[in-house]
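One file, work-v3.txt, is given below (compact mmCIF, C-alpha atoms).
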```
# COMPACT_ATOMS: atom_id res chain seq x y z
CA MET A 1 118.66 113.59 100.92
CA ARG A 2 116.49 113.43 104.03
CA ALA A 3 118.35 116.28 105.75
CA ARG A 4 118.22 118.32 102.57
CA PHE A 5 114.46 118.02 102.39
CA LEU A 6 113.83 118.75 106.05
CA VAL A 7 115.86 121.97 105.84
CA LEU A 8 113.86 123.03 102.80
CA ALA A 9 110.41 122.08 104.12
CA PRO A 10 109.72 125.19 106.28
CA ALA A 11 110.46 127.48 103.34
CA LEU A 12 108.12 125.45 101.16
CA LEU A 13 105.30 125.69 103.66
CA LEU A 14 105.72 129.45 104.07
CA ALA A 15 105.89 130.00 100.34
CA GLY A 16 102.85 127.82 99.82
CA CYS A 17 100.70 130.25 101.81
CA GLY A 18 101.24 133.01 99.29
CA GLY A 19 98.88 131.72 96.64
CA SER A 20 101.53 131.30 93.93
CA ASN A 21 103.50 128.34 92.63
CA SER A 22 106.68 129.58 94.34
CA SER A 23 106.65 126.66 96.76
CA ILE A 24 106.57 124.23 93.87
CA ASP A 25 109.35 126.09 92.04
CA LEU A 26 111.61 125.77 95.11
CA LEU A 27 111.52 121.98 95.08
CA PRO A 28 114.81 120.43 93.90
CA ALA A 29 114.26 118.98 90.45
CA ASP A 30 116.26 115.83 91.12
CA LEU A 31 114.32 115.12 94.31
CA VAL A 32 111.02 115.61 92.50
CA ALA A 33 112.13 113.35 89.65
CA SER A 34 113.12 110.64 92.10
CA GLY A 35 109.79 110.99 93.88
CA ARG A 36 107.91 110.70 90.62
CA GLN A 37 109.64 107.40 89.91
CA ILE A 38 108.81 106.17 93.40
CA PHE A 39 105.18 107.31 93.17
CA ARG A 40 104.64 105.59 89.85
CA HIS A 41 106.78 102.48 90.04
CA ASP A 42 108.02 101.61 93.55
CA THR A 43 106.22 98.82 95.42
CA PHE A 44 108.40 99.10 98.55
CA GLY A 45 108.63 95.30 98.41
CA ASP A 46 104.87 94.85 98.87
CA GLU A 47 104.87 91.83 96.54
CA ALA A 48 105.39 89.86 99.74
CA PHE A 49 101.83 90.83 100.71
CA TRP A 50 99.98 90.87 97.38
CA THR A 51 101.65 87.72 96.07
CA ASP A 52 102.80 85.60 98.99
CA GLN A 53 99.82 86.31 101.27
CA LEU A 54 96.88 87.35 99.11
CA ARG A 55 97.96 85.33 96.05
CA MET A 56 96.61 88.04 93.78
CA HIS A 57 98.84 86.89 90.92
CA GLU A 58 96.61 83.85 90.55
CA PRO A 59 93.29 85.55 89.64
CA ILE A 60 94.98 88.43 87.81
CA GLY A 61 97.03 86.10 85.65
CA THR A 62 94.24 83.67 84.82
CA ALA A 63 90.86 85.35 85.21
CA VAL A 64 91.19 89.13 84.82
CA SER A 65 90.94 90.30 81.23
CA PRO A 66 91.76 93.89 80.25
CA ARG A 67 88.05 94.57 79.82
CA LYS A 68 87.34 93.34 83.35
CA ALA A 69 90.31 95.30 84.68
CA LEU A 70 88.95 98.49 83.11
CA GLU A 71 85.51 97.74 84.56
CA VAL A 72 86.94 97.78 88.11
CA GLY A 73 88.75 101.04 87.39
CA LEU A 74 92.27 99.98 86.55
CA LYS A 75 93.95 102.31 84.07
CA VAL A 76 96.39 101.75 81.20
CA ASP A 77 99.26 104.12 80.44
CA ALA A 78 99.02 104.67 76.68
CA GLU A 79 102.57 106.04 76.59
CA ALA A 80 103.89 102.65 77.75
CA LEU A 81 102.30 100.85 74.80
CA PRO A 82 104.40 100.03 71.72
CA ALA A 83 102.99 101.16 68.38
CA SER A 84 102.16 97.57 67.45
CA VAL A 85 100.00 97.15 70.55
CA VAL A 86 98.27 100.48 69.94
CA GLU A 87 97.44 99.42 66.40
CA GLY A 88 96.34 96.00 67.62
CA ILE A 89 93.88 97.54 70.07
CA ARG A 90 92.54 99.89 67.41
CA SER A 91 92.08 97.14 64.86
CA GLY A 92 90.65 94.66 67.34
CA LYS A 93 93.52 92.22 66.86
CA VAL A 94 94.47 92.53 70.55
CA ASN A 95 91.95 90.46 72.51
CA LEU A 96 90.74 92.56 75.42
CA ASP A 97 88.76 89.62 76.79
CA ASP A 98 91.81 87.40 77.28
CA PRO A 99 93.64 87.40 80.66
CA ALA A 100 96.83 86.70 78.71
CA THR A 101 96.55 90.24 77.33
CA THR A 102 96.49 91.55 80.91
CA VAL A 103 99.71 89.67 81.57
CA ALA A 104 101.20 91.19 78.42
CA LEU A 105 100.21 94.70 79.59
CA LEU A 106 101.81 94.05 82.98
CA LYS A 107 104.96 92.86 81.23
CA LEU A 108 105.02 96.22 79.42
CA ASP A 109 104.57 98.02 82.77
CA ALA A 110 101.49 99.67 81.28
CA VAL A 111 98.92 99.09 84.03
CA VAL A 112 98.93 102.20 86.22
CA GLY A 113 99.85 101.38 89.82
CA VAL A 114 100.29 97.64 89.30
CA LYS A 115 103.70 96.02 88.92
CA GLY A 116 104.03 92.47 87.65
CA VAL A 117 106.90 90.06 87.34
CA VAL A 118 106.27 87.94 84.26
CA GLU A 119 108.13 84.68 83.64
CA THR A 120 108.17 82.76 80.37
CA VAL A 121 107.69 79.02 80.89
CA ALA A 122 107.63 76.72 77.85
CA GLY A 123 107.04 79.73 75.64
CA VAL A 124 104.06 80.99 77.66
CA ASP A 125 104.15 84.15 79.78
CA ARG A 126 102.95 83.65 83.35
CA LEU A 127 102.42 86.26 86.05
CA ALA A 128 104.75 85.18 88.84
CA ARG A 129 104.53 88.11 91.24
CA VAL A 130 102.47 91.26 91.59
CA GLY A 131 102.65 94.41 93.71
CA ILE A 132 101.11 97.87 93.77
CA THR A 133 102.34 101.46 93.90
CA CYS A 134 100.95 104.81 95.10
CA ALA A 135 99.68 105.48 91.59
CA LEU A 136 97.05 102.72 91.83
CA CYS A 137 94.69 104.93 93.84
CA HIS A 138 96.16 108.38 93.28
CA SER A 139 96.55 108.51 89.51
CA THR A 140 94.21 108.18 86.59
CA VAL A 141 94.52 108.77 82.83
CA ASP A 142 93.09 111.36 80.45
CA ASN A 143 91.21 108.77 78.32
CA SER A 144 92.90 110.23 75.25
CA PHE A 145 93.17 106.81 73.58
CA ALA A 146 90.01 105.16 74.91
CA PRO A 147 88.06 105.09 78.19
CA GLY A 148 90.56 104.03 80.84
CA ILE A 149 93.53 104.27 78.45
CA GLY A 150 95.55 107.46 78.06
CA LYS A 151 98.28 109.65 79.50
CA ARG A 152 98.85 109.56 83.26
CA LEU A 153 97.33 112.20 85.51
CA ASP A 154 99.31 111.83 88.73
CA GLY A 155 97.72 113.03 91.94
CA TRP A 156 94.19 112.72 90.56
CA PRO A 157 92.18 110.31 92.73
CA ASN A 158 90.99 107.30 90.76
CA ARG A 159 87.30 107.48 91.62
CA ASP A 160 86.62 104.75 89.04
CA LEU A 161 88.75 102.32 90.99
CA ASN A 162 86.96 99.65 93.02
CA PRO A 163 89.73 98.59 95.44
CA GLY A 164 87.41 96.41 97.49
CA ALA A 165 86.28 94.38 94.49
CA ILE A 166 89.90 93.92 93.44
CA ILE A 167 91.02 92.76 96.90
CA ALA A 168 88.00 90.43 97.08
CA LEU A 169 89.44 88.47 94.15
CA SER A 170 92.06 87.08 96.50
CA PRO A 171 91.75 83.31 96.99
CA ALA A 172 93.30 83.75 100.44
CA LEU A 173 90.31 85.64 101.89
CA ASP A 174 87.26 84.06 103.51
CA ALA A 175 83.70 84.81 102.40
CA GLN A 176 83.05 87.23 105.27
CA LYS A 177 85.98 89.49 104.40
CA LYS A 178 85.19 89.32 100.70
CA ALA A 179 81.66 90.52 101.46
CA VAL A 180 83.02 93.54 103.34
CA TYR A 181 85.42 94.46 100.56
CA ASN A 182 82.75 94.04 97.90
CA SER A 183 80.43 96.37 99.83
CA TRP A 184 82.68 99.43 99.48
CA GLY A 185 82.07 100.39 95.86
CA LYS A 186 83.91 102.52 93.33
CA GLY A 187 86.16 105.30 94.56
CA MET A 188 85.83 104.17 98.18
CA TYR A 189 88.42 102.65 100.51
CA ASP A 190 88.77 102.11 104.24
CA PRO A 191 92.43 102.55 105.25
CA ARG A 192 91.72 101.41 108.82
CA PHE A 193 89.58 98.30 108.30
CA ASN A 194 92.51 95.90 108.38
CA GLN A 195 93.68 97.50 111.64
CA ASP A 196 90.50 97.84 113.73
CA GLY A 197 88.09 95.48 111.98
CA LEU A 198 85.47 98.19 111.46
CA SER A 199 84.23 99.13 108.01
CA LYS A 200 83.51 102.75 107.06
CA PRO A 201 85.08 103.47 103.67
CA VAL A 202 85.92 107.01 102.62
CA VAL A 203 86.46 108.53 99.20
CA ILE A 204 89.93 108.19 97.71
CA PRO A 205 91.41 111.68 98.20
CA PRO A 206 93.44 113.68 95.68
CA ALA A 207 97.21 113.84 96.07
CA TYR A 208 97.55 117.22 94.36
CA GLY A 209 97.45 120.77 95.69
CA LEU A 210 99.21 119.77 98.91
CA ALA A 211 101.97 122.41 98.95
CA GLY A 212 101.46 124.58 102.01
CA VAL A 213 99.00 122.17 103.65
CA GLU A 214 100.41 120.50 106.76
CA LYS A 215 97.43 118.31 107.68
CA ILE A 216 96.85 116.27 104.55
CA THR A 217 94.42 113.56 105.69
CA PHE A 218 90.70 113.82 106.46
CA THR A 219 91.49 113.61 110.16
CA GLY A 220 94.83 115.46 110.18
CA ASP A 221 96.70 112.60 111.82
CA GLY A 222 100.21 113.64 110.76
CA ASP A 223 102.01 116.95 110.33
CA ASP A 224 103.26 116.15 106.84
CA ILE A 225 102.63 113.90 103.86
CA ALA A 226 105.39 111.53 104.93
CA TYR A 227 103.35 110.41 107.96
CA TRP A 228 100.49 109.17 105.80
CA ASN A 229 102.82 107.83 103.10
CA ARG A 230 104.46 105.64 105.74
CA TYR A 231 101.10 104.55 107.16
CA VAL A 232 99.64 103.62 103.78
CA SER A 233 102.76 101.99 102.40
CA VAL A 234 103.29 99.76 105.44
CA THR A 235 99.81 99.05 106.80
CA GLN A 236 97.81 99.12 103.54
CA MET A 237 100.17 98.27 100.70
CA GLY A 238 102.15 95.77 102.76
CA ALA A 239 105.53 97.45 102.25
CA GLN A 240 108.69 96.16 103.84
CA GLY A 241 109.16 98.58 106.72
CA SER A 242 107.57 99.82 109.94
CA PHE A 243 104.84 102.13 111.13
CA HIS A 244 104.13 102.98 114.78
CA ASP A 245 101.65 105.42 116.30
CA PRO A 246 100.80 104.99 120.00
CA ARG A 247 97.78 107.29 119.59
CA THR A 248 95.96 104.62 117.61
CA GLY A 249 97.79 101.59 118.91
CA VAL A 250 98.87 100.69 115.39
CA SER A 251 102.30 99.09 115.30
CA VAL A 252 103.19 97.16 112.16
CA THR A 253 106.50 95.82 110.90
CA HIS A 254 106.93 93.81 107.72
CA GLY A 255 110.17 92.02 106.96
CA THR A 256 113.66 92.76 108.17
CA GLN A 257 114.50 95.47 105.60
CA ASP A 258 113.24 99.05 105.60
CA LEU A 259 112.34 99.82 101.99
CA VAL A 260 110.23 102.84 102.92
CA SER A 261 112.02 105.44 105.07
CA SER A 262 114.74 106.51 102.65
CA LYS A 263 112.15 107.14 99.92
CA LEU A 264 109.74 109.31 101.91
CA PRO A 265 111.48 112.70 101.34
CA ALA A 266 111.52 112.32 97.56
CA LEU A 267 107.98 110.94 97.49
CA GLN A 268 106.75 113.89 99.53
CA ALA A 269 108.59 116.35 97.30
CA TYR A 270 106.91 114.94 94.21
CA GLN A 271 103.47 115.06 95.78
CA MET A 272 104.04 118.66 96.85
CA SER A 273 105.02 119.48 93.27
CA ILE A 274 101.67 118.38 91.83
CA ALA A 275 99.49 121.46 91.43
CA ALA A 276 95.72 121.17 91.59
CA PRO A 277 94.27 121.04 88.06
CA ARG A 278 92.57 124.12 86.72
CA PRO A 279 88.91 123.76 85.73
CA PRO A 280 88.33 123.08 82.01
CA ALA A 281 87.34 126.05 79.89
CA GLY A 282 83.59 126.51 79.83
CA SER A 283 82.99 124.19 82.78
CA PHE A 284 81.49 126.90 84.99
CA ASP A 285 79.49 130.12 84.75
CA ALA A 286 82.04 132.90 85.43
CA VAL A 287 79.42 135.54 86.25
CA ALA A 288 77.62 133.27 88.71
CA ALA A 289 80.98 132.19 90.15
CA GLU A 290 81.85 135.81 90.95
CA ARG A 291 78.54 136.25 92.75
CA GLY A 292 79.25 133.00 94.57
CA ARG A 293 82.69 134.24 95.62
CA LEU A 294 81.13 137.18 97.40
CA VAL A 295 78.71 134.89 99.24
CA PHE A 296 81.54 132.48 100.06
CA GLN A 297 83.60 135.28 101.62
CA ARG A 298 80.86 136.78 103.78
CA ALA A 299 81.54 137.06 107.48
CA ASN A 300 80.81 133.80 109.33
CA SER A 301 80.39 131.99 106.03
CA CYS A 302 82.41 129.40 104.07
CA ALA A 303 85.71 131.29 104.15
CA THR A 304 85.79 131.17 107.94
CA CYS A 305 87.24 127.66 107.67
CA HIS A 306 88.02 127.36 103.94
CA SER A 307 90.48 130.21 104.26
CA GLY A 308 93.64 131.48 102.60
CA ALA A 309 95.22 130.46 99.31
CA THR A 310 94.75 126.77 100.08
CA PHE A 311 91.13 127.22 101.23
CA THR A 312 91.71 125.43 104.52
CA ASP A 313 92.48 126.32 108.12
CA ALA A 314 94.06 122.88 108.63
CA ASN A 315 97.44 124.37 109.53
CA GLN A 316 95.86 126.25 112.44
CA ARG A 317 93.23 123.88 113.84
CA LEU A 318 91.19 120.73 113.50
CA HIS A 319 87.44 120.46 114.03
CA PRO A 320 85.26 118.23 116.22
CA GLY A 321 83.11 115.56 114.63
CA ALA A 322 80.00 117.71 114.98
CA ASP A 323 81.46 120.10 112.39
CA SER A 324 81.53 117.39 109.73
CA MET A 325 78.62 117.30 107.32
CA ALA A 326 78.97 113.49 107.20
CA GLU A 327 78.52 112.98 110.94
CA PRO A 328 76.94 111.43 112.95
CA GLU A 329 77.95 108.14 111.35
CA GLN A 330 78.48 104.59 112.55
CA PRO A 331 81.25 103.81 112.89
CA SER A 332 82.58 107.35 113.12
CA TYR A 333 85.59 107.71 110.87
CA ALA A 334 87.15 110.38 113.09
CA ALA A 335 86.71 108.26 116.21
CA ARG A 336 88.99 105.66 114.65
CA SER A 337 91.77 108.16 113.95
CA ALA A 338 94.66 109.52 115.99
CA THR A 339 93.18 113.02 116.37
CA LYS A 340 89.47 112.06 116.72
CA MET A 341 88.82 115.23 114.70
CA TYR A 342 88.49 116.44 111.11
CA ARG A 343 90.43 118.92 109.05
CA THR A 344 88.87 121.41 106.66
CA SER A 345 89.40 120.04 103.16
CA PRO A 346 91.33 122.24 100.68
CA LEU A 347 89.22 123.28 97.71
CA ARG A 348 91.66 123.79 94.83
CA GLY A 349 90.69 121.33 92.09
CA VAL A 350 87.45 120.39 93.86
CA TRP A 351 85.66 120.36 90.50
CA GLN A 352 87.56 117.18 89.61
CA HIS A 353 86.92 114.79 92.47
CA ALA A 354 83.20 114.30 93.06
CA PRO A 355 81.57 112.91 95.19
CA TYR A 356 82.21 115.11 98.22
CA PHE A 357 82.59 114.91 102.02
CA HIS A 358 84.76 112.11 103.32
CA ASP A 359 81.93 109.60 102.93
CA GLY A 360 81.04 110.68 99.40
CA SER A 361 77.48 111.58 100.43
CA ALA A 362 77.27 114.75 98.28
CA ALA A 363 77.24 114.03 94.56
CA THR A 364 77.66 117.61 93.32
CA PRO A 365 78.90 121.03 94.50
CA GLU A 366 75.25 122.08 94.74
CA ALA A 367 74.60 119.19 97.14
CA VAL A 368 77.58 120.30 99.24
CA VAL A 369 76.33 123.88 99.56
CA GLU A 370 72.74 122.76 100.17
CA THR A 371 73.92 120.51 103.01
CA TYR A 372 75.86 123.31 104.69
CA ASN A 373 72.99 125.71 104.16
CA ARG A 374 70.53 123.35 105.83
CA ARG A 375 72.65 122.09 108.69
CA ARG A 376 74.28 125.42 109.50
CA ALA A 377 71.10 127.49 108.96
CA MET A 378 73.07 129.82 106.70
CA GLY A 379 69.95 131.30 105.12
CA LEU A 380 71.20 131.12 101.54
CA THR A 381 68.66 131.53 98.77
CA GLU A 382 68.38 128.93 96.01
CA GLN A 383 70.21 131.32 93.68
CA GLU A 384 73.03 131.81 96.19
CA VAL A 385 73.40 128.05 96.58
CA ARG A 386 73.79 127.74 92.81
CA ASP A 387 76.21 130.67 92.68
CA VAL A 388 78.47 129.26 95.41
CA ALA A 389 78.47 125.91 93.60
CA GLN A 390 79.68 127.68 90.44
CA TYR A 391 82.41 129.36 92.48
CA LEU A 392 83.55 125.96 93.77
CA ARG A 393 83.72 124.72 90.20
CA SER A 394 86.00 127.67 89.34
CA LEU A 395 88.68 126.84 91.93
```
Take the structure in this file and express it as structure tokens.
Amino acid sequence: MRARFLVLAPALLLAGCGGSNSSIDLLPADLVASGRQIFRHDTFGDEAFWTDQLRMHEPIGTAVSPRKALEVGLKVDAEALPASVVEGIRSGKVNLDDPATTVALLKLDAVVGVKGVVETVAGVDRLARVGITCALCHSTVDNSFAPGIGKRLDGWPNRDLNPGAIIALSPALDAQKKAVYNSWGKGMYDPRFNQDGLSKPVVIPPAYGLAGVEKITFTGDGDDIAYWNRYVSVTQMGAQGSFHDPRTGVSVTHGTQDLVSSKLPALQAYQMSIAAPRPPAGSFDAVAAERGRLVFQRANSCATCHSGATFTDANQRLHPGADSMAEPEQPSYAARSATKMYRTSPLRGVWQHAPYFHDGSAATPEAVVETYNRRRAMGLTEQEVRDVAQYLRSL
């Protein structure tokens, strides 16, 4: 499988530059299907971290009700719920304030990105082990049943999720670390804190619209998605496997089995298959967006870096920290990375994942354009700022 994917990858990247879905169509269906299963349900053996080290099964099984879980951004897959449970939620017969209901949802495999092993002891279900999957941060739901409950939307960043607050529930952490985790807030996560001890959380990025984009992280550390999948699975999720990068000095091995490497090609194929979502009908002013497109494409304007069908020059170059609208910052996120630089973020689907910039400092597309206009002395009028923001919403 690995060789098959590596032979196909160059063709996918070339096709992805053409602005069509041809790159997605070329992906082998069986590889994509396998990757989807991995993305949604595979923990890579990280229960050893979340259960044996952090003891997360203890607070989740005894103190986290479904209502509390929804408050910290966890999502429920409505399609995993039996009809009886659906009716029970609708009628109020299912107690959403009881942690036992959370255990029942985990037993049904209905909590997006969280996998639980439930044991029945003396007729009572107990959460024995817990792990997480890629979908925890990089999927949400369409809220078609209720807020936080609906059909899965894979690749969409869960900006409702408060990973720090969830991790801070661990009884294995001291007060100092809990304070750091609790300081991050919704939609924010620092994937380097547990490696360098610094805290500068960034927004959870989307995992869609990646076909044809070689540098897929904020700092462009790897040449493909598999690099970051390995980093996150091993160093952040606690997967059984290894990650090594001499550029950052990060070298982590968990366990004696490698439960990661063989799954990376399929996982990457699935992520490359997820197209950026189109903006909802009526969500932007089409006339203003067309005016904004012309401003966007002016010489020495936005399209200089946000170029091509993917709206990024990341395949050609990275940018120094001074080019980032979030810098200077302490600690500098780029300074902690392998490249010490930033990539230009792709813009397809940008309407969906506010706030913007890697630090989430711009709440709206208008705030993004205003920041560039001010810091780059672009000379845009107020109307042009609004028009470009409408164009961004149309992508």
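For the choices A:Thr51, A:Ala146, A:Arg129, A:Asp196, the atom-to-atom distance to A:Val86 is smallest for A:Ala146 when using all atoms listed in the file.
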Distance criterion (all atoms listed in the file): nearest to A:Gln268 out of A:Tyr208, A:Trp351, A:Phe243, A:Phe284: A:Tyr208
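Of the residues listed (A:Ala211, A:Val114, A:Pro355, A:Gln330), A:Ala211 shows the shortest atom-to-atom separation from A:Ala309; distances use all atoms listed in the file.
Taking atom CA of A:Gln240 and atom CA of A:Ala128 as the two end points, the separation is 19.0 Å.
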Around stretch 187-198 of chain A, with edges along x, y and z and 8 Å added on all six sides, what centre and edge lengths do you get, in Å to one decimal, as JSON?
```
{"center_x": 89.6, "center_y": 100.4, "center_z": 104.1, "size_x": 24.2, "size_y": 25.8, "size_z": 35.2}
```
Of the listed residues A:Arg336, A:His353, A:Arg393, A:Lys200, that which approaches A:Gly155 most closely, counting all atoms listed in the file: A:His353
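Interatomic distance, atom CA of A:Val130 to atom CA of A:Gln53: 11.2 Å.
Proximity to A:Leu347 was assessed for A:Met272, A:Pro205, A:Gln37, A:Trp228 counting all atoms listed in the file; the smallest distance is recorded for A:Pro205.
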Distance query A:Arg375 at most 12 Å, all atoms listed in the file, self and fewer than 2 positions along chain excluded, as a list in words: Ala322, Asp323, Ser324, Met325, Ala326, Glu327, Val368, Val369, Glu370, Thr371, Tyr372, Asn373, Ala377, Met378, Gly379 and Leu380 of chain A
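Atom CA of A:Asn162 to atom CA of A:Gly321 spans 27.1 Å [interatomic distance, one decimal].
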A:Arg317 environment, 12 Å, only C-alpha atoms, sequence neighbours closer than 5 positions dropped, as number ranges by chain: A: 213-215, 219-221, 223, 304-307, 312, 339, 341-345
9 Å contact set for A:Leu81, all atoms listed in the file, chain neighbours under 4 positions out, as a ChimeraX atom specification: /A:76-77,85-86,105,108-110
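The smallest atom-to-atom distance between A:Thr381 and any of A:Gly73, A:Gly131, A:Pro163, A:Gly292, using only C-alpha atoms, is found for A:Gly292.
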Within 7 Å of file point (89.3, 106.6, 99.2), counting only C-alpha atoms, expressed as a PyMOL selection string: chain A and resi 187-190+201-205
Contacts of A:Leu259 at 10 Å (only C-alpha atoms; same-chain gap of 5+ positions) as a VMD selection string: chain A and resid 42 to 46 233 to 234 239 to 242 254 264
